[in-house]
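The structure file input-v1.txt is reproduced below (compact mmCIF, C-alpha atoms).
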# COMPACT_ATOMS: atom_id res chain seq x y z
CA MET A 1 5.13 9.32 33.10
CA LYS A 2 4.01 12.42 31.21
CA LEU A 3 7.17 14.26 32.31
CA PHE A 4 9.35 11.33 31.27
CA ALA A 5 7.62 11.23 27.88
CA LEU A 6 8.03 14.97 27.44
CA ILE A 7 11.75 14.81 28.22
CA THR A 8 12.26 11.89 25.84
CA VAL A 9 10.34 13.62 23.06
CA ILE A 10 12.15 16.92 23.49
CA ILE A 11 15.60 15.30 23.52
CA THR A 12 14.83 13.11 20.48
CA GLY A 13 13.22 16.00 18.62
CA ALA A 14 16.12 18.34 19.38
CA LEU A 15 18.64 15.77 18.12
CA LEU A 16 16.63 15.22 14.93
CA LEU A 17 16.23 18.96 14.36
CA TYR A 18 19.97 19.40 14.90
CA ALA A 19 20.63 16.63 12.36
CA SER A 20 18.22 18.16 9.84
CA LYS A 21 20.72 20.86 8.93
CA ASP A 22 22.87 18.17 7.30
CA PHE A 23 19.98 16.93 5.18
CA PRO A 24 19.82 17.91 1.50
CA ALA A 25 17.77 20.96 0.61
CA TRP A 26 14.18 20.62 -0.62
CA GLY A 27 14.09 19.19 -4.13
CA ASP A 28 17.86 19.17 -4.58
CA PRO A 29 18.55 17.15 -7.77
CA LEU A 30 22.05 16.36 -6.52
CA SER A 31 20.99 14.94 -3.15
CA PRO A 32 22.32 11.43 -2.41
CA ALA A 33 18.90 9.83 -2.87
CA ASN A 34 18.10 11.57 -6.13
CA ASN A 35 21.54 11.30 -7.66
CA SER A 36 22.31 7.69 -6.75
CA GLU A 37 23.38 5.15 -9.33
CA LEU A 38 20.34 3.03 -8.43
CA SER A 39 17.86 5.82 -9.09
CA ARG A 40 19.54 6.70 -12.39
CA HIS A 41 19.54 3.05 -13.45
CA TYR A 42 15.82 2.70 -12.74
CA ILE A 43 14.96 5.83 -14.70
CA THR A 44 17.08 5.21 -17.77
CA GLU A 45 17.20 1.41 -18.02
CA THR A 46 13.66 0.35 -17.04
CA ARG A 47 12.34 1.02 -20.52
CA VAL A 48 15.07 -1.16 -22.03
CA GLU A 49 14.87 -4.00 -19.52
CA THR A 50 11.10 -4.23 -19.06
CA GLU A 51 9.39 -1.87 -21.55
CA VAL A 52 7.14 -0.58 -18.77
CA PRO A 53 6.65 3.22 -18.90
CA ASN A 54 5.59 3.49 -15.26
CA ILE A 55 8.90 3.11 -13.45
CA VAL A 56 7.20 2.81 -10.06
CA THR A 57 5.30 -0.31 -11.19
CA ALA A 58 8.45 -1.83 -12.66
CA VAL A 59 10.45 -1.26 -9.48
CA LEU A 60 7.57 -2.48 -7.31
CA ALA A 61 6.79 -5.71 -9.12
CA ASP A 62 10.10 -6.61 -10.72
CA TYR A 63 13.25 -5.08 -9.26
CA ARG A 64 11.93 -5.12 -5.71
CA GLY A 65 9.75 -8.21 -6.15
CA TYR A 66 10.83 -9.79 -2.88
CA ASP A 67 9.85 -6.69 -0.91
CA THR A 68 6.41 -6.50 -2.50
CA MET A 69 5.80 -10.22 -2.06
CA PHE A 70 6.45 -10.06 1.65
CA GLU A 71 4.41 -6.85 1.99
CA THR A 72 1.55 -8.89 0.53
CA VAL A 73 2.26 -11.64 3.03
CA VAL A 74 2.21 -9.03 5.84
CA ILE A 75 -1.26 -7.90 4.75
CA PHE A 76 -2.42 -11.52 4.53
CA VAL A 77 -1.08 -12.34 7.99
CA ALA A 78 -2.62 -9.15 9.41
CA GLY A 79 -6.01 -10.29 8.09
CA LEU A 80 -5.56 -13.76 9.57
CA GLY A 81 -4.44 -12.20 12.85
CA ILE A 82 -7.56 -10.04 13.04
CA LEU A 83 -9.73 -13.10 12.52
CA ALA A 84 -7.75 -15.11 15.07
CA VAL A 85 -8.01 -12.36 17.69
CA LEU A 86 -11.59 -11.27 17.19
CA ARG A 87 -13.64 -13.94 15.43
CA GLN A 88 -16.33 -15.50 17.58
CA SER A 89 -19.60 -17.31 16.98
CA PRO A 90 -22.49 -15.08 15.82
CA SER A 91 -24.43 -15.62 19.04
CA ALA A 92 -21.51 -15.01 21.41
CA GLY A 93 -21.23 -12.06 23.75
CA GLU A 94 -23.91 -9.65 24.85
CA PRO A 95 -27.02 -9.34 22.65
CA LEU A 96 -26.74 -6.78 19.87
CA PRO A 97 -27.35 -3.39 21.50
CA VAL A 98 -29.30 -1.53 18.82
CA PRO A 99 -32.94 -2.41 18.05
CA ARG A 100 -32.41 -4.11 14.73
CA ASP A 101 -35.80 -3.40 13.16
CA ARG A 102 -35.04 0.31 13.14
CA PHE A 103 -32.23 -0.41 10.72
CA GLN A 104 -34.02 -3.03 8.68
CA GLU A 105 -35.68 -0.40 6.55
CA ARG A 106 -32.73 1.05 4.75
CA ASP A 107 -32.98 4.49 3.25
CA MET A 108 -33.89 4.21 -0.43
CA ILE A 109 -31.68 7.12 -1.47
CA THR A 110 -28.52 5.61 -0.04
CA ILE A 111 -29.33 2.18 -1.47
CA MET A 112 -29.96 3.54 -4.97
CA THR A 113 -26.85 5.73 -4.86
CA CYS A 114 -24.81 2.76 -3.74
CA ARG A 115 -26.32 0.61 -6.47
CA LEU A 116 -25.32 3.20 -9.07
CA THR A 117 -21.81 3.90 -7.83
CA VAL A 118 -20.56 0.44 -6.82
CA PRO A 119 -20.28 -0.88 -10.41
CA LEU A 120 -18.42 2.26 -11.43
CA ILE A 121 -16.05 1.97 -8.47
CA GLN A 122 -15.35 -1.67 -9.29
CA LEU A 123 -14.83 -0.94 -12.97
CA PHE A 124 -12.45 1.90 -12.13
CA ALA A 125 -10.62 -0.38 -9.69
CA LEU A 126 -10.08 -2.93 -12.46
CA TYR A 127 -8.90 -0.15 -14.76
CA VAL A 128 -6.42 1.10 -12.16
CA LEU A 129 -5.19 -2.46 -11.68
CA ALA A 130 -4.84 -3.28 -15.37
CA HIS A 131 -3.48 0.11 -16.41
CA GLY A 132 -0.75 0.16 -13.76
CA HIS A 133 1.95 -0.23 -16.44
CA TYR A 134 1.03 3.08 -18.07
CA SER A 135 -0.43 5.33 -15.39
CA PRO A 136 -0.36 5.61 -11.60
CA GLY A 137 -1.92 2.43 -10.33
CA GLY A 138 -1.35 -1.24 -9.76
CA GLY A 139 -2.33 -4.04 -7.45
CA PHE A 140 -2.35 -2.15 -4.16
CA GLN A 141 -4.36 0.81 -5.39
CA GLY A 142 -6.82 -1.25 -7.43
CA GLY A 143 -7.22 -3.74 -4.61
CA VAL A 144 -7.96 -1.05 -2.03
CA MET A 145 -10.57 0.50 -4.34
CA PHE A 146 -12.21 -2.87 -4.99
CA GLY A 147 -12.28 -3.57 -1.26
CA ALA A 148 -13.78 -0.12 -0.64
CA SER A 149 -16.68 -0.97 -2.97
CA PHE A 150 -17.58 -3.94 -0.76
CA ILE A 151 -17.26 -1.75 2.33
CA LEU A 152 -19.67 0.72 0.70
CA ILE A 153 -22.18 -2.08 0.19
CA ALA A 154 -21.78 -3.07 3.84
CA LEU A 155 -22.27 0.53 4.98
CA THR A 156 -25.44 1.15 2.98
CA GLY A 157 -27.08 -2.26 2.72
CA GLY A 158 -25.86 -3.85 5.93
CA LEU A 159 -23.06 -6.31 6.51
CA SER A 160 -25.18 -9.32 5.51
CA GLU A 161 -25.68 -7.82 2.04
CA ALA A 162 -21.94 -7.51 1.54
CA LEU A 163 -21.28 -10.98 2.95
CA LYS A 164 -23.76 -12.38 0.43
CA ARG A 165 -21.49 -11.07 -2.32
CA LEU A 166 -18.14 -11.85 -0.71
CA SER A 167 -18.50 -14.39 2.06
CA GLU A 168 -15.92 -14.78 4.80
CA GLN A 169 -14.66 -18.11 3.48
CA ARG A 170 -14.35 -16.76 -0.04
CA ALA A 171 -12.49 -13.66 1.17
CA ILE A 172 -9.92 -15.80 2.99
CA PHE A 173 -9.66 -18.06 -0.04
CA LEU A 174 -9.05 -15.06 -2.32
CA ALA A 175 -6.44 -13.62 0.04
CA ALA A 176 -4.56 -16.91 0.09
CA LEU A 177 -4.96 -17.22 -3.68
CA GLY A 178 -3.35 -13.82 -4.16
CA VAL A 179 -0.28 -14.81 -2.15
CA LEU A 180 -0.22 -18.11 -4.05
CA ILE A 181 -0.29 -16.34 -7.43
CA TYR A 182 2.61 -14.11 -6.41
CA ALA A 183 4.76 -16.80 -4.81
CA GLY A 184 3.78 -19.29 -7.51
CA THR A 185 5.08 -16.98 -10.22
CA GLY A 186 8.35 -16.79 -8.33
CA LEU A 187 8.52 -20.56 -7.86
CA LEU A 188 7.77 -21.12 -11.53
CA CYS A 189 10.88 -19.12 -12.38
CA MET A 190 12.85 -21.38 -10.03
CA PHE A 191 11.48 -24.54 -11.65
CA LEU A 192 12.57 -23.20 -15.02
CA GLY A 193 16.11 -22.88 -13.71
CA LYS A 194 16.46 -19.22 -12.76
CA ASN A 195 16.33 -17.32 -9.49
CA PHE A 196 13.14 -16.75 -7.53
CA LEU A 197 11.04 -14.02 -9.20
CA ASP A 198 13.46 -13.75 -12.15
CA TYR A 199 10.63 -13.31 -14.63
CA HIS A 200 12.41 -13.25 -17.96
CA ILE A 201 12.69 -17.04 -18.09
CA LEU A 202 8.87 -17.21 -18.25
CA SER A 203 9.12 -16.38 -21.97
CA GLN A 204 9.49 -20.15 -22.43
CA TRP A 205 5.94 -20.65 -21.20
CA LEU A 206 4.15 -17.48 -22.22
CA PRO A 207 3.34 -17.71 -25.90
CA ASP A 208 4.95 -15.32 -28.36
CA THR A 209 7.04 -13.31 -25.91
CA THR A 210 10.61 -12.20 -25.72
CA ALA A 211 12.50 -12.17 -22.42
CA VAL A 212 11.70 -8.47 -22.01
CA LYS A 213 7.99 -8.95 -22.71
CA ALA A 214 7.90 -11.84 -20.23
CA ARG A 215 8.96 -9.46 -17.47
CA TYR A 216 6.30 -7.01 -18.67
CA HIS A 217 3.52 -9.63 -18.50
CA ALA A 218 4.70 -11.29 -15.29
CA MET A 219 4.40 -7.91 -13.56
CA LEU A 220 0.68 -7.83 -14.40
CA ILE A 221 0.27 -11.38 -13.06
CA VAL A 222 1.83 -10.58 -9.69
CA GLU A 223 -0.12 -7.28 -9.48
CA ILE A 224 -3.32 -9.29 -9.90
CA GLY A 225 -2.18 -11.50 -7.03
CA VAL A 226 -1.57 -8.43 -4.87
CA ALA A 227 -5.00 -7.05 -5.78
CA PHE A 228 -6.74 -10.29 -4.72
CA THR A 229 -5.08 -10.24 -1.31
CA VAL A 230 -5.60 -6.53 -0.67
CA THR A 231 -9.27 -6.61 -1.73
CA ALA A 232 -10.10 -9.58 0.46
CA ILE A 233 -8.17 -8.37 3.51
CA MET A 234 -9.57 -4.80 3.35
CA PHE A 235 -13.08 -6.21 3.43
CA THR A 236 -12.22 -8.76 6.13
CA ILE A 237 -10.78 -6.01 8.36
CA TYR A 238 -13.95 -3.96 8.03
CA ALA A 239 -16.34 -6.89 8.43
CA THR A 240 -14.60 -8.23 11.53
CA LEU A 241 -14.04 -4.91 13.28
CA SER A 242 -17.51 -3.52 12.61
CA SER A 243 -19.32 -6.61 13.89
CA LYS A 244 -17.02 -7.34 16.88
CA GLY A 245 -16.00 -10.55 15.15
CA ARG A 246 -19.52 -11.92 14.90
CA MET A 247 -19.89 -11.31 11.16
CA ARG A 248 -23.47 -10.31 11.80
CA GLY A 249 -25.22 -7.01 12.35
CA GLY A 250 -22.38 -4.63 11.65
CA LEU A 251 -22.60 -0.89 12.13
CA MET B 252 16.04 31.54 10.29
CA GLU B 253 17.49 30.79 6.90
CA ALA B 254 18.27 27.23 7.94
CA PHE B 255 14.71 26.84 9.18
CA ILE B 256 13.19 27.87 5.86
CA ALA B 257 15.62 25.77 3.81
CA ASN B 258 14.74 22.63 5.74
CA PHE B 259 11.11 23.45 6.46
CA ASN B 260 9.89 20.01 5.27
CA TYR B 261 12.11 18.20 7.77
CA TRP B 262 10.90 20.40 10.61
CA ILE B 263 7.29 19.52 9.80
CA TYR B 264 7.93 15.80 9.78
CA ILE B 265 10.05 15.90 12.96
CA ILE B 266 7.33 17.83 14.82
CA LEU B 267 4.63 15.42 13.60
CA MET B 268 6.78 12.44 14.52
CA MET B 269 7.37 13.81 18.03
CA ILE B 270 3.63 14.40 18.50
CA GLY B 271 3.05 10.76 17.58
CA LEU B 272 5.85 9.52 19.83
CA PHE B 273 4.54 11.56 22.77
CA ALA B 274 1.05 10.17 22.29
CA MET B 275 2.38 6.62 22.18
CA ILE B 276 4.37 7.04 25.41
CA ALA B 277 2.23 9.36 27.52
CA LYS B 278 -1.40 8.59 26.68
CA LYS B 279 -3.11 5.99 28.83
CA ASN B 280 -5.92 5.20 26.41
CA LEU B 281 -5.13 2.42 23.93
CA ILE B 282 -7.02 4.11 21.06
CA LYS B 283 -5.11 7.35 21.66
CA LYS B 284 -1.88 5.37 21.51
CA LEU B 285 -2.99 4.02 18.12
CA VAL B 286 -3.78 7.55 16.93
CA GLY B 287 -0.24 8.46 17.94
CA MET B 288 1.09 5.50 15.98
CA SER B 289 -0.84 6.65 12.91
CA ILE B 290 0.57 10.18 13.20
CA PHE B 291 4.07 8.72 13.52
CA GLN B 292 3.51 6.64 10.37
CA THR B 293 2.25 9.66 8.45
CA ALA B 294 5.36 11.58 9.47
CA ILE B 295 7.60 8.86 8.08
CA ILE B 296 5.63 8.82 4.82
CA LEU B 297 5.95 12.62 4.55
CA PHE B 298 9.69 12.31 5.15
CA TYR B 299 10.15 9.78 2.36
CA VAL B 300 8.00 11.71 -0.07
CA SER B 301 9.92 14.91 0.63
CA ILE B 302 13.21 13.03 0.06
CA GLY B 303 11.89 11.99 -3.35
CA VAL B 304 11.16 15.52 -4.55
CA LYS B 305 13.40 16.67 -7.38
CA GLN B 306 13.31 20.26 -8.58
CA GLY B 307 12.32 20.56 -12.25
CA ALA B 308 11.45 16.88 -12.61
CA THR B 309 8.16 15.23 -13.52
CA ILE B 310 6.49 12.02 -12.32
CA PRO B 311 8.45 8.81 -12.92
CA ILE B 312 6.24 7.66 -15.78
CA LEU B 313 7.90 7.82 -19.16
CA PRO B 314 5.95 9.10 -22.16
CA GLU B 315 4.90 6.40 -24.59
CA GLU B 316 7.30 7.69 -27.29
CA ALA B 317 10.27 7.17 -24.99
CA VAL B 318 9.48 3.47 -24.56
CA HIS B 319 7.95 2.46 -27.88
CA PRO B 320 9.21 4.96 -30.45
CA LYS B 321 6.98 5.17 -33.48
CA THR B 322 8.39 4.12 -36.80
CA THR B 323 6.59 5.85 -39.64
CA ALA B 324 5.61 3.55 -42.48
CA GLY B 325 7.44 5.44 -45.21
CA GLU B 326 10.65 5.83 -43.26
CA THR B 327 13.27 3.28 -44.26
CA SER B 328 16.34 5.14 -43.08
CA HIS B 329 17.11 2.54 -40.42
CA HIS B 330 17.34 -0.32 -42.93
CA ASN B 331 16.00 -2.95 -40.62
CA GLY B 332 14.88 -5.20 -43.45
CA GLU B 333 11.63 -7.07 -42.85
CA ASP B 334 11.84 -6.68 -39.09
CA GLY B 335 9.57 -3.69 -38.82
CA ASP B 336 8.27 -4.04 -35.27
CA ALA B 337 8.29 -1.50 -32.49
CA HIS B 338 11.93 -2.12 -31.64
CA ALA B 339 13.01 -0.84 -35.02
CA GLY B 340 13.04 2.78 -33.86
CA GLU B 341 15.91 4.20 -31.87
CA LEU B 342 15.08 4.90 -28.23
CA PRO B 343 15.25 8.65 -27.71
CA GLU B 344 17.69 9.93 -25.11
CA ILE B 345 16.21 10.62 -21.67
CA ASP B 346 17.86 12.48 -18.85
CA ALA B 347 17.61 11.03 -15.35
CA GLN B 348 17.27 14.60 -13.99
CA ASP B 349 13.91 14.99 -15.77
CA TYR B 350 12.16 12.26 -13.74
CA THR B 351 11.56 11.99 -10.02
CA ASN B 352 13.35 9.34 -8.01
CA PRO B 353 10.92 6.35 -8.05
CA ILE B 354 12.30 4.49 -5.02
CA PRO B 355 10.65 6.54 -2.21
CA HIS B 356 7.33 6.29 -4.03
CA VAL B 357 7.59 2.51 -4.27
CA LEU B 358 8.51 2.17 -0.61
CA MET B 359 5.68 4.42 0.58
CA LEU B 360 3.09 2.82 -1.70
CA THR B 361 3.49 -0.49 0.08
CA ALA B 362 3.99 1.15 3.47
CA ILE B 363 0.61 2.90 3.32
CA VAL B 364 -1.31 -0.31 2.63
CA VAL B 365 0.68 -2.30 5.17
CA GLY B 366 0.02 0.55 7.62
CA VAL B 367 -3.72 0.00 7.16
CA GLY B 368 -3.25 -3.72 7.77
CA THR B 369 -1.26 -3.26 10.96
CA LEU B 370 -3.64 -0.56 12.22
CA GLY B 371 -6.55 -2.94 11.62
CA LEU B 372 -4.80 -5.66 13.62
CA ALA B 373 -4.04 -3.21 16.43
CA LEU B 374 -7.68 -2.10 16.53
CA ALA B 375 -8.78 -5.73 16.65
CA ILE B 376 -6.55 -6.37 19.65
CA ALA B 377 -7.88 -3.19 21.31
CA GLN B 378 -11.44 -4.40 20.70
CA ARG B 379 -10.55 -7.76 22.25
CA VAL B 380 -9.07 -6.00 25.27
CA HIS B 381 -12.23 -3.97 25.64
CA TYR B 382 -14.33 -7.12 25.34
CA HIS B 383 -12.33 -8.80 28.08
CA TYR B 384 -11.82 -5.92 30.55
CA GLY B 385 -14.64 -3.57 29.65
CA THR B 386 -12.26 -0.61 29.36
CA LEU B 387 -9.51 0.77 27.17
CA GLU B 388 -7.74 2.72 29.94
CA GLU B 389 -4.34 1.29 30.72
CA THR B 390 -4.52 2.08 34.45
CA GLU B 391 -7.87 0.37 34.91
CA ILE B 392 -6.74 -2.70 32.98
CA LEU B 393 -3.64 -2.88 35.17
CA LYS B 394 -5.78 -2.56 38.31
CA GLN B 395 -8.02 -5.41 37.17
CA ILE B 396 -5.07 -7.65 36.38
CA GLN B 397 -3.46 -7.00 39.78
CA SER B 398 -6.65 -7.50 41.77
CA GLY B 399 -7.40 -10.72 39.91
CA GLN B 400 -4.12 -12.37 40.91

For the structure just supplied, provide its representation as structure tokens.
Amino acid sequence: MKLFALITVIITGALLLYASKDFPAWGDPLSPANNSELSRHYITETRVETEVPNIVTAVLADYRGYDTMFETVVIFVAGLGILAVLRQSPSAGEPLPVPRDRFQERDMITIMTCRLTVPLIQLFALYVLAHGHYSPGGGFQGGVMFGASFILIALTGGLSEALKRLSEQRAIFLAALGVLIYAGTGLLCMFLGKNFLDYHILSQWLPDTTAVKARYHAMLIVEIGVAFTVTAIMFTIYATLSSKGRMRGGL
Amino acid sequence: MEAFIANFNYWIYIILMMIGLFAMIAKKNLIKKLVGMSIFQTAIILFYVSIGVKQGATIPILPEEAVHPKTTAGETSHHNGEDGDAHAGELPEIDAQDYTNPIPHVLMLTAIVVGVGTLGLALAIAQRVHYHYGTLEETEILKQIQSGQ
């Protein structure tokens, strides 16, 4: 088996290395990817069509809205899958191996540090989410940071502390809500007579907006949806894996 | 040698990718297979990011002046009448060669987070397997399945 794997890897690697001499040189501005009509359109026309300075956010949430929506669905389904595979009743399985009372007394230094840093992390996560139009950031990055703050609480204060703040039911609800916000925005465009996720028609409903500004604002709405899903699923993954699906005890 | 240095970035990602592929095929431990999968994923991300590099270009975020050009209060050269909002100013010319290609960045941004999701699901399945068979070694699992039937 090892020999077979080695032969496969060497043949594949040799073919790829042979092909790499046809690839464009490092940083070549005239390479097919960099010089394509699509790339040029995104760079020069995004500011006219959406007024969003961060082209990555505009492409993510508007031009490639379908892709991002189904990436969100993938994350949501992964979270559901983890729960379906691993979730069991809190008393199931072998008794918890570690003597719990040793961990009941949490170290004061870690708890105080966590108490000081978690609000800052969450505030920065909201900033990254809301400022995604103007600087690197957006729903995925902000959501991961927000989820990490809950994981930090679970690491320092125990899983039950974190579950008090974001219970399992609420996490699943938020994850579903995020997908609903994203898909709902797309469906709203359909009800108003345009294609799915064709945001500019939303200017009829959003007050005091032009068609361009409607795309600008709709991007923030779908990014918030993404952030809900990512936050909830990141925490669910940690909570389920660390407690062997019992949602109790934890690491 | 010259070809090697010119395409150094591709060599790195191909070697990483082959390490990941080898681990996925040859290793018997499920967690080691997942480590291989992670290395493979990282190689793909490196490949896309290196495709997106453009010499002499900056990040694909336009400066504020390029999107909302300022119109100074005293300036009336444009003769826009009462309509004095942000659109009154002419958009300054921008060159596509000054900004990095945004598409690889968009693709990898979602791929990284989805990678975490799929890795979490894979770890959950591995944990379930361990719960059921008491081992993560492929050979031992196979032995238990065959002896059980």

Q | Which of B:Ala308, B:Met288, B:Leu372, B:Ile296 sits closest to chain A [using all atoms listed in the file] | A | B:Leu372

Which residues of chain A sit at most 6 Å from chain B, using all atoms listed in the file? Give each one's shortest atom pair and distance in Å (one decimal place), in chain and ascending residue order, as CSV.
residue,atom,partner,partner_atom,distance
A:Lys2,CA,B:Ala277,CA,5.1
A:Ala5,CA,B:Ala277,CA,5.7
A:Val9,CA,B:Met269,CA,5.8
A:Gly27,CA,B:Lys305,CA,4.2
A:Asp28,CA,B:Lys305,CA,5.8
A:Pro29,CA,B:Lys305,CA,5.2
A:Asn34,CA,B:Asn352,CA,5.6
A:Ser39,CA,B:Asn352,CA,5.8
A:Arg40,CA,B:Ala347,CA,5.6
A:Ile43,CA,B:Ala347,CA,5.9
A:Arg47,CA,B:Val318,CA,5.5
A:Pro53,CA,B:Leu313,CA,4.8
A:Asn54,CA,B:Ile312,CA,4.3
A:Ile55,CA,B:Pro311,CA,5.7
A:Val56,CA,B:Pro353,CA,5.5
A:Leu60,CA,B:Val357,CA,5.8
A:Ile75,CA,B:Gly368,CA,5.5
A:Ala78,CA,B:Gly368,CA,5.7
A:Ile82,CA,B:Leu372,CA,5.2

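Here atom CA of A:Gly139 stands at a distance of 25.4 Å from atom CA of A:Leu192.
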
Q: Just give me the gap between atom CA of A:Tyr216 and atom CA of A:Arg64 in Å, one decimal is fine.
A: 14.3 Å

Q: Give me the residues within 7 Å of stretch 172-181 of chain A as an MDAnalysis selection string, counting all atoms listed in the file and dropping any in the same chain fewer than 4 places off.
A: chainID A and resid 72:73 76 168 185 222 225:226 228:229 232:233

**Q.** Contact residues around A:Thr231 with all atoms listed in the file at 6 Å, ignoring same-chain residues under 4 positions, as a ChimeraX atom specification
**A.** /A:143-144,146-147,227

Q. Any idea what the distance is between atom CA of A:Ile109 and atom CA of A:Leu155?
A.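 Between atom CA of A:Ile109 and atom CA of A:Leu155 the gap works out to 13.2 Å.
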
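Nearest to A:Gly158 of all the residues A:Arg115, A:Arg215, A:Arg248, A:His133 is A:Arg248, counting only C-alpha atoms.
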
(Q) What's around B:Asn280 at 8 Å? Count all atoms listed in the file, leave out sequence neighbours fewer than 2 positions away in its own chain, and write the answer as a ChimeraX atom specification. (A) /B:278,282-284,387-389
